[in-house]
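Engineer: Below is the structure I would like to discuss, written out as structure tokens.
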Amino acid sequence: MIVFKDPFVTLSPGAANAWVTIDLSSEVSAAATGVAIRVRNLVDGDRDWGLRKPGAAVAFVDELDANAATFDFCGLSPAKEIEVWVGDTINIVLDLVAYFETEATFPDEIQGVGLGTRDTYETVSIAGFTGSETATAAFLFSRPRATDVYARKAGSSDTLQRQKDNLHAYLVGLDGSQQFEFYRGSSSESLYLRGWLTGGVNFPDNATEVTPAADAIWTEVTLPEGSRAGIFWVLDGAQPGQWGIRKKGSSEAAVFRPSQSVSLALAEADAERKIEVFASLGSTAGRPQIFLIGTVQGSVALVAAGAESLTEAAPAVFSINNDFTALPAGAESVTEAVPPAIRVAAPRWQREAEVMAILFSAYDEALAATIEGPPWPVGLEQLPGEGLSFMVLGGERQFCVADTDYSSGPDDTPANKVFEVRIEKRRGYEFSVRAFRGSRPDGRASESSGSIRLANGDGGLDSIARLGLTGRTLEVFTGYRGDPFSRFERIFVGTIGDVSWTEERLTLELRDRQTILNRPVQTRFYAGTGDEQGTAELAGKPMPIVLGEKRNVEPALNDPPNLIYHVHDGEADAVLETRDRGAALTDSGQAPASYAELKALTQGAGQDIEPGEYAVLYTPDGTWLKLGASPDGRITCDIRGDVAAGSFASTHGAIVRRLVETRAGVAPIELDEAAFEALDLDQPGVAGWWSGPEVKDLAQALTEIMASAGGWWAFTPLGLLTVGVLKAPENPVLVLDHSNLSKRRRPERQGPQPTWRWRVGYQALGVVQDPDGLASSLTAEDRKYYSTAARFADPAAATAESVLTKHRLAEDAETVGLWAEEDDAGKEAGRRQTLHGALRDIYECPAEGLGRRLWLGDSVTLKPTQQTNAVRYDLPKDFVVIGIEEGARFRNPRLTLWG
């Protein structure tokens, strides 16, 4: 049966930019296998969304157009759960409109449907997916191109293709051979099967237009005999308009734009088979068009209050294809009369031969390449004639290996490649990453590590071992033997580290992209040629960098005769204060526009800059200050740092982003945007970081910054730079229990010592000064401050002496940090004491079938299993994922949990 929710139920994901599990067990029957979801975007801007059946390894997130709405379908887990993704928890709204019972099958994995043509209707069959069942309709979606699309019943003459954008769903009728026809305007558009129906719906050969005659008026439409709901296809008109479809008598007045130019809709009828439709553009010309493409069959089912399904509401009847029939004699219940026949297909990776494939390159100095001229080789006299070519030696060769027989097709990249069977089955691929190396975050995740083991018993790889492999790109993919390589999922991208060789094996050590950050933060160094380029003593030293708000940094004296100091390599927001031996100087108010103007400012009594004063030059090429007289001692400054492109980078996350984008050339698309947004929400306070005359490693700089935030940085397996902060477990995205934990191994439990106090510093100094070198005019408090590393927030709120009473080895923890304000440092100290003042557990849990569903920082609920006694293991309990190890069966990761 297909059961409609009246009224519909609006779902509440609770978190944005993450897969969130939604429990629908209270909204659907025990026989439910899948749901129909309406997706609405309430704002003038595109927003992301996605649906998937829990456990699915492959899923997509795409945008929904501004003010648009459409429908999609999703299978339920045995626990009656789905997973959803929304880019905005306020403005992307998901409504549970209906659910399907035994007439619907949703495999655990979506299935790619092969297509061969474009710009014409192509006949497609799903008979190869449905097994012993005979489907009458299919749940489909396509992505990712902005192109014309439409799915119609085989033999239909409808031409309702229209441009859509991103992901779009279809519910299409099938003929007796389980075939339909699909139109796509681009060969890059891919089609996927979510599931199918074996009854309960009817699709005529051709659609019927039901667009209302009047503009902006809800108009009644009667569905065909035997119908209780309609399935609709909505096309935009010449200009973006609005549409709506509702049950007659419904109070819902919401109208929407089509998503790009098309939308799919599903609407229940009243007891007289009536619905209402709406279309508006301000006139009857060019409005959206609404087509009835199919119907849900049977009488309208009214579910009694408190009953989960019609079987509870009316135990005296049962339904086959929604036609009510009396119970057979002797049957006491519907389940006796019609035994349940729910088919939950096993995941595809359990049913078919899965392939792991690896692409990597190596430099071969003997590889010959031919270059057609021109250009002409440098140093050679140009010869007469045309069609000349030149041979060069040395270049990269690509290698393709797999763990089983596989060959790519002519349209793949790489094309027509036979993948050598070289990857060892047991330990051919290994990958691991951990958010922090000890019991608490220290700023940097362990470098993602792993290895590829290639069988070499026949000596076929001997020659490869002698090529240039280190530092070359390596990519790992998984897919199925019968699929084109374009459908394989890339699960890792990194570089080759060390290479080892034996007569039996070639081992390639894997490195993630952290290697690109093993470089100096500073990208510009003094040439020692005078003026902005500094003195000969500065030659080769790095130029200073200030990000955020930093206290007591020491600028570089780059122009001693003119008393000019280099403050920041770039434009700073403001020099807040300049001091000589700790005593404050006065801003002269001069505002030079160039280095030449700064240099030309006169110094001395009655001059542009008087003794005890300074002037500052702010330019995109640098920030400098000039003194009015020779200093008595060490010059230091408080600075609000870099404002590249007019943006002041002040938070921990913004500082990390500014460093990697401007100092390492990391593009925005190489950043985990959701993680950086979350970091700014978790740690919004102002921080400050400074790099002075010593060369600093960029990776170490990121570690220092993220340690201050109580978190880590890392690269994802697909090469995105990500960040995270350790928080108490909240809003678990997955339950770990007997269904997804290894039945062969128990979790391993350990726990670090708690802390009884946390002290977090703020206004940390760039340089610490000798108290004997400070001016005598300073107060005792300032003298103490400038001769210590930082001020520390009041520890009262971050102290729990009762912990020390219970745990005699509890730690007194301290971190200097980069916080600019005492209030932020105090909050962070309290947060850390709350996190680490309790006795925490760290579990090692072997999982099964999860694939890439979890990442560092995700919260999960760990439940007891047959191998884990609830009392002994203190379960169930929520944890945070802090480590992931993958093996050759990457779907079965070993998880490290903290909680």
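Starting from 1 in every chain, residues are counted up; chains themselves are A, B, ... following the order of the structure tokens, and ligands are numbered from 1 as listed.
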Name all residues at most 7 Å from Ala362 in chain A (count only C-alpha atoms; drop same-chain ones fewer than 2 positions away) and give them as a list in words.

Structural biologist: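 Once the adjacent positions are removed, what remains is Phe360, Asp364, Glu396, Arg397, Gln398, Leu467, Gly468, Leu469 and Arg472 of chain A.
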
Engineer: Could you list, as a JSON list (two decimals) with C-alpha atoms, in the first residue's frame, every residue within 12 Å of His807 in chain A, counting only C-alpha atoms and ignoring same-chain residues fewer than 6 positions away?

Structural biologist:
[["chain", "number", "residue", "atom", "x", "y", "z"],
["A", 752, "PRO", "CA", 43.40, 8.95, 29.53],
["A", 753, "GLN", "CA", 43.89, 10.63, 32.89],
["A", 754, "PRO", "CA", 41.41, 13.47, 33.48],
["A", 755, "THR", "CA", 42.43, 17.05, 34.24],
["A", 756, "TRP", "CA", 41.51, 18.95, 37.40],
["A", 800, "ALA", "CA", 37.53, 21.14, 39.67],
["A", 801, "GLU", "CA", 39.51, 20.14, 42.76],
["A", 837, "GLY", "CA", 37.85, 16.75, 33.52],
["A", 838, "ALA", "CA", 35.76, 13.61, 33.26],
["A", 839, "LEU", "CA", 37.11, 10.10, 32.88]]

Engineer: Using only C-alpha atoms, what table do you get, as a tab-separated table, when you list each residue of range 86-145 of chain A with an atom no more than 8 Å from range 31-54 of chain A, its nearest pair of atoms, and their distance in Å rounded to one decimal, rows by chain then rising number?

Structural biologist:
residue	atom	partner	partner_atom	distance
A:Val86	CA	A:Trp49	CA	4.4
A:Gly87	CA	A:Asp48	CA	4.6
A:Asp88	CA	A:Arg47	CA	6.8
A:Asn91	CA	A:Leu42	CA	5.0
A:Ile92	CA	A:Asn41	CA	4.8
A:Val93	CA	A:Arg40	CA	5.0
A:Leu94	CA	A:Val39	CA	4.8
A:Asp95	CA	A:Arg38	CA	5.0
A:Leu96	CA	A:Ile37	CA	4.9
A:Val97	CA	A:Ala36	CA	5.7
A:Ala98	CA	A:Ala36	CA	5.1
A:Tyr99	CA	A:Val35	CA	4.1
A:Phe100	CA	A:Gly34	CA	5.2
A:Glu101	CA	A:Ala32	CA	4.2
A:Thr102	CA	A:Ala31	CA	6.5
A:Ala104	CA	A:Thr33	CA	6.4
A:Thr105	CA	A:Thr33	CA	6.7
A:Phe106	CA	A:Gly34	CA	6.8
A:Asp108	CA	A:Lys53	CA	6.4
A:Glu109	CA	A:Lys53	CA	7.7

Engineer: Using only C-alpha atoms, which of the listed residues (A:Arg287, A:Ser77, A:Asn166, A:Phe792) sits closest to Asp62 in chain A?

Structural biologist: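 Nearest to Asp62 in chain A: A:Asn166.
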
Engineer: Just list as a PyMOL selection string whatever in range 738-868 of chain A DSSP marks as strand (DSSP E).

Structural biologist: chain A and resi 748-750+755-762+791-792+811-819+842-846+859-862

Engineer: Go ahead and save the picked residues with N, CA and C atoms, as a PDB file, in the first residue's frame.

Structural biologist:
ATOM      1  N   GLU A 748      38.026  -2.463  21.918  1.00  0.00           N
ATOM      2  CA  GLU A 748      39.102  -2.382  22.905  1.00  0.00           C
ATOM      3  C   GLU A 748      38.992  -1.035  23.604  1.00  0.00           C
ATOM      4  N   ARG A 749      39.041  -1.050  24.931  1.00  0.00           N
ATOM      5  CA  ARG A 749      38.763   0.153  25.708  1.00  0.00           C
ATOM      6  C   ARG A 749      40.009   0.628  26.430  1.00  0.00           C
ATOM      7  N   GLN A 750      40.211   1.942  26.428  1.00  0.00           N
ATOM      8  CA  GLN A 750      41.271   2.554  27.199  1.00  0.00           C
ATOM      9  C   GLN A 750      40.795   3.953  27.571  1.00  0.00           C
ATOM     10  N   THR A 755      41.784  15.836  33.743  1.00  0.00           N
ATOM     11  CA  THR A 755      42.434  17.052  34.238  1.00  0.00           C
ATOM     12  C   THR A 755      41.593  17.624  35.383  1.00  0.00           C
ATOM     13  N   TRP A 756      42.272  18.280  36.325  1.00  0.00           N
ATOM     14  CA  TRP A 756      41.514  18.947  37.399  1.00  0.00           C
ATOM     15  C   TRP A 756      41.498  20.463  37.203  1.00  0.00           C
ATOM     16  N   ARG A 757      42.375  20.960  36.290  1.00  0.00           N
ATOM     17  CA  ARG A 757      42.353  22.397  36.000  1.00  0.00           C
ATOM     18  C   ARG A 757      42.911  22.646  34.607  1.00  0.00           C
ATOM     19  N   TRP A 758      42.315  23.627  33.936  1.00  0.00           N
ATOM     20  CA  TRP A 758      42.844  24.093  32.649  1.00  0.00           C
ATOM     21  C   TRP A 758      43.111  25.586  32.751  1.00  0.00           C
ATOM     22  N   ARG A 759      44.292  25.979  32.313  1.00  0.00           N
ATOM     23  CA  ARG A 759      44.630  27.407  32.219  1.00  0.00           C
ATOM     24  C   ARG A 759      44.927  27.703  30.750  1.00  0.00           C
ATOM     25  N   VAL A 760      44.251  28.715  30.189  1.00  0.00           N
ATOM     26  CA  VAL A 760      44.420  29.092  28.789  1.00  0.00           C
ATOM     27  C   VAL A 760      44.889  30.545  28.714  1.00  0.00           C
ATOM     28  N   GLY A 761      45.973  30.752  28.001  1.00  0.00           N
ATOM     29  CA  GLY A 761      46.538  32.085  27.887  1.00  0.00           C
ATOM     30  C   GLY A 761      45.836  32.945  26.855  1.00  0.00           C
ATOM     31  N   TYR A 762      46.016  34.258  26.990  1.00  0.00           N
ATOM     32  CA  TYR A 762      45.506  35.210  26.001  1.00  0.00           C
ATOM     33  C   TYR A 762      46.491  36.366  25.881  1.00  0.00           C
ATOM     34  N   ARG A 791      49.214  36.482  29.295  1.00  0.00           N
ATOM     35  CA  ARG A 791      48.313  36.576  30.440  1.00  0.00           C
ATOM     36  C   ARG A 791      47.456  35.316  30.458  1.00  0.00           C
ATOM     37  N   PHE A 792      46.935  34.972  31.633  1.00  0.00           N
ATOM     38  CA  PHE A 792      46.101  33.784  31.745  1.00  0.00           C
ATOM     39  C   PHE A 792      44.759  34.159  32.336  1.00  0.00           C
ATOM     40  N   GLU A 811      45.684  15.801  35.861  1.00  0.00           N
ATOM     41  CA  GLU A 811      46.663  16.771  35.368  1.00  0.00           C
ATOM     42  C   GLU A 811      46.221  18.212  35.596  1.00  0.00           C
ATOM     43  N   ASP A 812      47.199  19.063  35.807  1.00  0.00           N
ATOM     44  CA  ASP A 812      47.002  20.521  35.817  1.00  0.00           C
ATOM     45  C   ASP A 812      47.475  21.015  34.458  1.00  0.00           C
ATOM     46  N   ALA A 813      46.549  21.256  33.531  1.00  0.00           N
ATOM     47  CA  ALA A 813      46.894  21.505  32.128  1.00  0.00           C
ATOM     48  C   ALA A 813      46.948  22.997  31.834  1.00  0.00           C
ATOM     49  N   GLU A 814      47.860  23.344  30.940  1.00  0.00           N
ATOM     50  CA  GLU A 814      48.040  24.750  30.564  1.00  0.00           C
ATOM     51  C   GLU A 814      48.391  24.846  29.094  1.00  0.00           C
ATOM     52  N   THR A 815      47.831  25.847  28.416  1.00  0.00           N
ATOM     53  CA  THR A 815      48.214  26.141  27.037  1.00  0.00           C
ATOM     54  C   THR A 815      48.245  27.646  26.872  1.00  0.00           C
ATOM     55  N   VAL A 816      49.283  28.139  26.212  1.00  0.00           N
ATOM     56  CA  VAL A 816      49.408  29.592  26.018  1.00  0.00           C
ATOM     57  C   VAL A 816      48.315  30.100  25.092  1.00  0.00           C
ATOM     58  N   GLY A 817      48.102  29.443  23.983  1.00  0.00           N
ATOM     59  CA  GLY A 817      47.024  29.823  23.073  1.00  0.00           C
ATOM     60  C   GLY A 817      47.295  31.111  22.307  1.00  0.00           C
ATOM     61  N   LEU A 818      46.389  31.409  21.409  1.00  0.00           N
ATOM     62  CA  LEU A 818      46.515  32.596  20.550  1.00  0.00           C
ATOM     63  C   LEU A 818      45.359  33.564  20.743  1.00  0.00           C
ATOM     64  N   TRP A 819      44.576  33.398  21.804  1.00  0.00           N
ATOM     65  CA  TRP A 819      43.386  34.218  22.004  1.00  0.00           C
ATOM     66  C   TRP A 819      43.772  35.672  22.286  1.00  0.00           C
ATOM     67  N   ILE A 842      38.345   5.648  25.325  1.00  0.00           N
ATOM     68  CA  ILE A 842      38.730   5.581  23.918  1.00  0.00           C
ATOM     69  C   ILE A 842      38.573   4.125  23.487  1.00  0.00           C
ATOM     70  N   TYR A 843      37.676   3.899  22.521  1.00  0.00           N
ATOM     71  CA  TYR A 843      37.379   2.551  22.054  1.00  0.00           C
ATOM     72  C   TYR A 843      37.935   2.352  20.645  1.00  0.00           C
ATOM     73  N   GLU A 844      38.447   1.171  20.404  1.00  0.00           N
ATOM     74  CA  GLU A 844      38.809   0.748  19.056  1.00  0.00           C
ATOM     75  C   GLU A 844      37.737  -0.234  18.596  1.00  0.00           C
ATOM     76  N   CYS A 845      36.986   0.119  17.547  1.00  0.00           N
ATOM     77  CA  CYS A 845      35.822  -0.674  17.130  1.00  0.00           C
ATOM     78  C   CYS A 845      35.941  -1.096  15.669  1.00  0.00           C
ATOM     79  N   PRO A 846      36.119  -2.384  15.395  1.00  0.00           N
ATOM     80  CA  PRO A 846      36.063  -2.854  14.003  1.00  0.00           C
ATOM     81  C   PRO A 846      34.621  -2.825  13.508  1.00  0.00           C
ATOM     82  N   SER A 859      29.745  12.375  15.519  1.00  0.00           N
ATOM     83  CA  SER A 859      29.264  11.722  16.731  1.00  0.00           C
ATOM     84  C   SER A 859      28.472  10.470  16.367  1.00  0.00           C
ATOM     85  N   VAL A 860      28.638   9.424  17.171  1.00  0.00           N
ATOM     86  CA  VAL A 860      27.932   8.164  16.963  1.00  0.00           C
ATOM     87  C   VAL A 860      27.444   7.653  18.316  1.00  0.00           C
ATOM     88  N   THR A 861      26.465   6.772  18.284  1.00  0.00           N
ATOM     89  CA  THR A 861      26.019   6.064  19.474  1.00  0.00           C
ATOM     90  C   THR A 861      26.510   4.625  19.395  1.00  0.00           C
ATOM     91  N   LEU A 862      27.229   4.193  20.421  1.00  0.00           N
ATOM     92  CA  LEU A 862      27.726   2.822  20.476  1.00  0.00           C
ATOM     93  C   LEU A 862      26.804   2.027  21.391  1.00  0.00           C
TER      94      LEU A 862
END

Engineer: Can you tell me, as a ChimeraX atom specification, what residues are no more than 10 Å from Leu835 in chain A when counting only C-alpha atoms, ignoring any on the same chain fewer than 2 positions away?

Structural biologist: /A:440,726-729,754-755,829-833,837-840,899

Engineer: Excluding same-chain residues fewer than 2 positions from Ala675 in chain A, what lies within 9 Å of it counting only C-alpha atoms, as a PyMOL selection string?

Structural biologist: chain A and resi 17+671-673+677-680+722-724

Engineer: Find the spatial neighbours of Tyr565 in chain A, counting only C-alpha atoms, within a cut-off of 12 Å - ignore same-chain residues fewer than 2 positions away - and output them as a PDB file with C-alpha atoms, in the first residue's frame.

Structural biologist:
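That gives us around-v9.pdb:
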ATOM      1  CA  ASP A 531      64.985  50.383   1.376  1.00  0.00           C
ATOM      2  CA  GLU A 532      62.077  47.878   1.385  1.00  0.00           C
ATOM      3  CA  GLN A 533      64.522  45.038   0.656  1.00  0.00           C
ATOM      4  CA  GLY A 534      66.439  45.574   3.871  1.00  0.00           C
ATOM      5  CA  THR A 535      70.061  45.728   4.867  1.00  0.00           C
ATOM      6  CA  MET A 543      59.669  39.114   5.912  1.00  0.00           C
ATOM      7  CA  PRO A 544      57.334  39.294   8.942  1.00  0.00           C
ATOM      8  CA  VAL A 553      55.711  41.651  17.899  1.00  0.00           C
ATOM      9  CA  GLU A 554      59.126  42.950  16.931  1.00  0.00           C
ATOM     10  CA  PRO A 555      59.240  44.610  13.480  1.00  0.00           C
ATOM     11  CA  ALA A 556      62.327  44.233  11.310  1.00  0.00           C
ATOM     12  CA  LEU A 557      64.610  47.299  11.060  1.00  0.00           C
ATOM     13  CA  ASN A 558      64.929  47.265   7.270  1.00  0.00           C
ATOM     14  CA  ASP A 559      66.140  50.879   6.783  1.00  0.00           C
ATOM     15  CA  PRO A 560      68.337  51.924   9.761  1.00  0.00           C
ATOM     16  CA  PRO A 561      69.357  55.404   8.452  1.00  0.00           C
ATOM     17  CA  ASN A 562      65.695  56.404   8.168  1.00  0.00           C
ATOM     18  CA  LEU A 563      64.532  54.463  11.260  1.00  0.00           C
ATOM     19  CA  VAL A 567      55.783  45.382  10.343  1.00  0.00           C
ATOM     20  CA  HIS A 568      53.958  43.007   7.963  1.00  0.00           C
ATOM     21  CA  ASP A 569      54.473  41.521   4.499  1.00  0.00           C
ATOM     22  CA  THR A 578      54.165  51.017  19.159  1.00  0.00           C
ATOM     23  CA  TYR A 595      57.399  54.110   0.699  1.00  0.00           C
ATOM     24  CA  LEU A 598      57.310  57.600   4.263  1.00  0.00           C
ATOM     25  CA  LYS A 599      61.030  57.918   3.680  1.00  0.00           C
ATOM     26  CA  TYR A 614      55.886  57.292  14.751  1.00  0.00           C
ATOM     27  CA  ALA A 615      54.143  57.204  11.357  1.00  0.00           C
ATOM     28  CA  VAL A 616      52.711  54.151   9.568  1.00  0.00           C
ATOM     29  CA  LEU A 617      52.495  53.291   5.865  1.00  0.00           C
ATOM     30  CA  GLY A 622      53.729  45.881   2.980  1.00  0.00           C
ATOM     31  CA  THR A 623      53.216  47.813   6.208  1.00  0.00           C
ATOM     32  CA  TRP A 624      56.064  49.895   7.643  1.00  0.00           C
ATOM     33  CA  LEU A 625      56.507  52.387  10.474  1.00  0.00           C
ATOM     34  CA  LYS A 626      59.005  55.186  10.920  1.00  0.00           C
ATOM     35  CA  LEU A 627      60.241  56.643  14.217  1.00  0.00           C
ATOM     36  CA  SER A 630      66.469  56.886  17.553  1.00  0.00           C
ATOM     37  CA  PRO A 631      64.937  54.458  20.073  1.00  0.00           C
ATOM     38  CA  ARG A 634      63.784  47.350  21.617  1.00  0.00           C
ATOM     39  CA  ILE A 635      60.836  48.423  19.423  1.00  0.00           C
ATOM     40  CA  THR A 636      57.659  46.318  19.673  1.00  0.00           C
ATOM     41  CA  CYS A 637      54.102  46.695  18.351  1.00  0.00           C
TER      42      CYS A 637
END

Engineer: Record the distance separating CA of Lys425 in chain A and CA of Val881 in chain A, expressed in Å with one decimal.

Structural biologist: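 So the answer is 27.2 Å.
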
Engineer: For Ser187 in chain A, which residue out of A:Ala169, A:Met356, A:Ala207, A:Gly116 is the nearest one, using only C-alpha atoms?

Structural biologist: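 Between A:Ala169, A:Met356, A:Ala207, A:Gly116, the residue approaching Ser187 in chain A most closely is A:Gly116.
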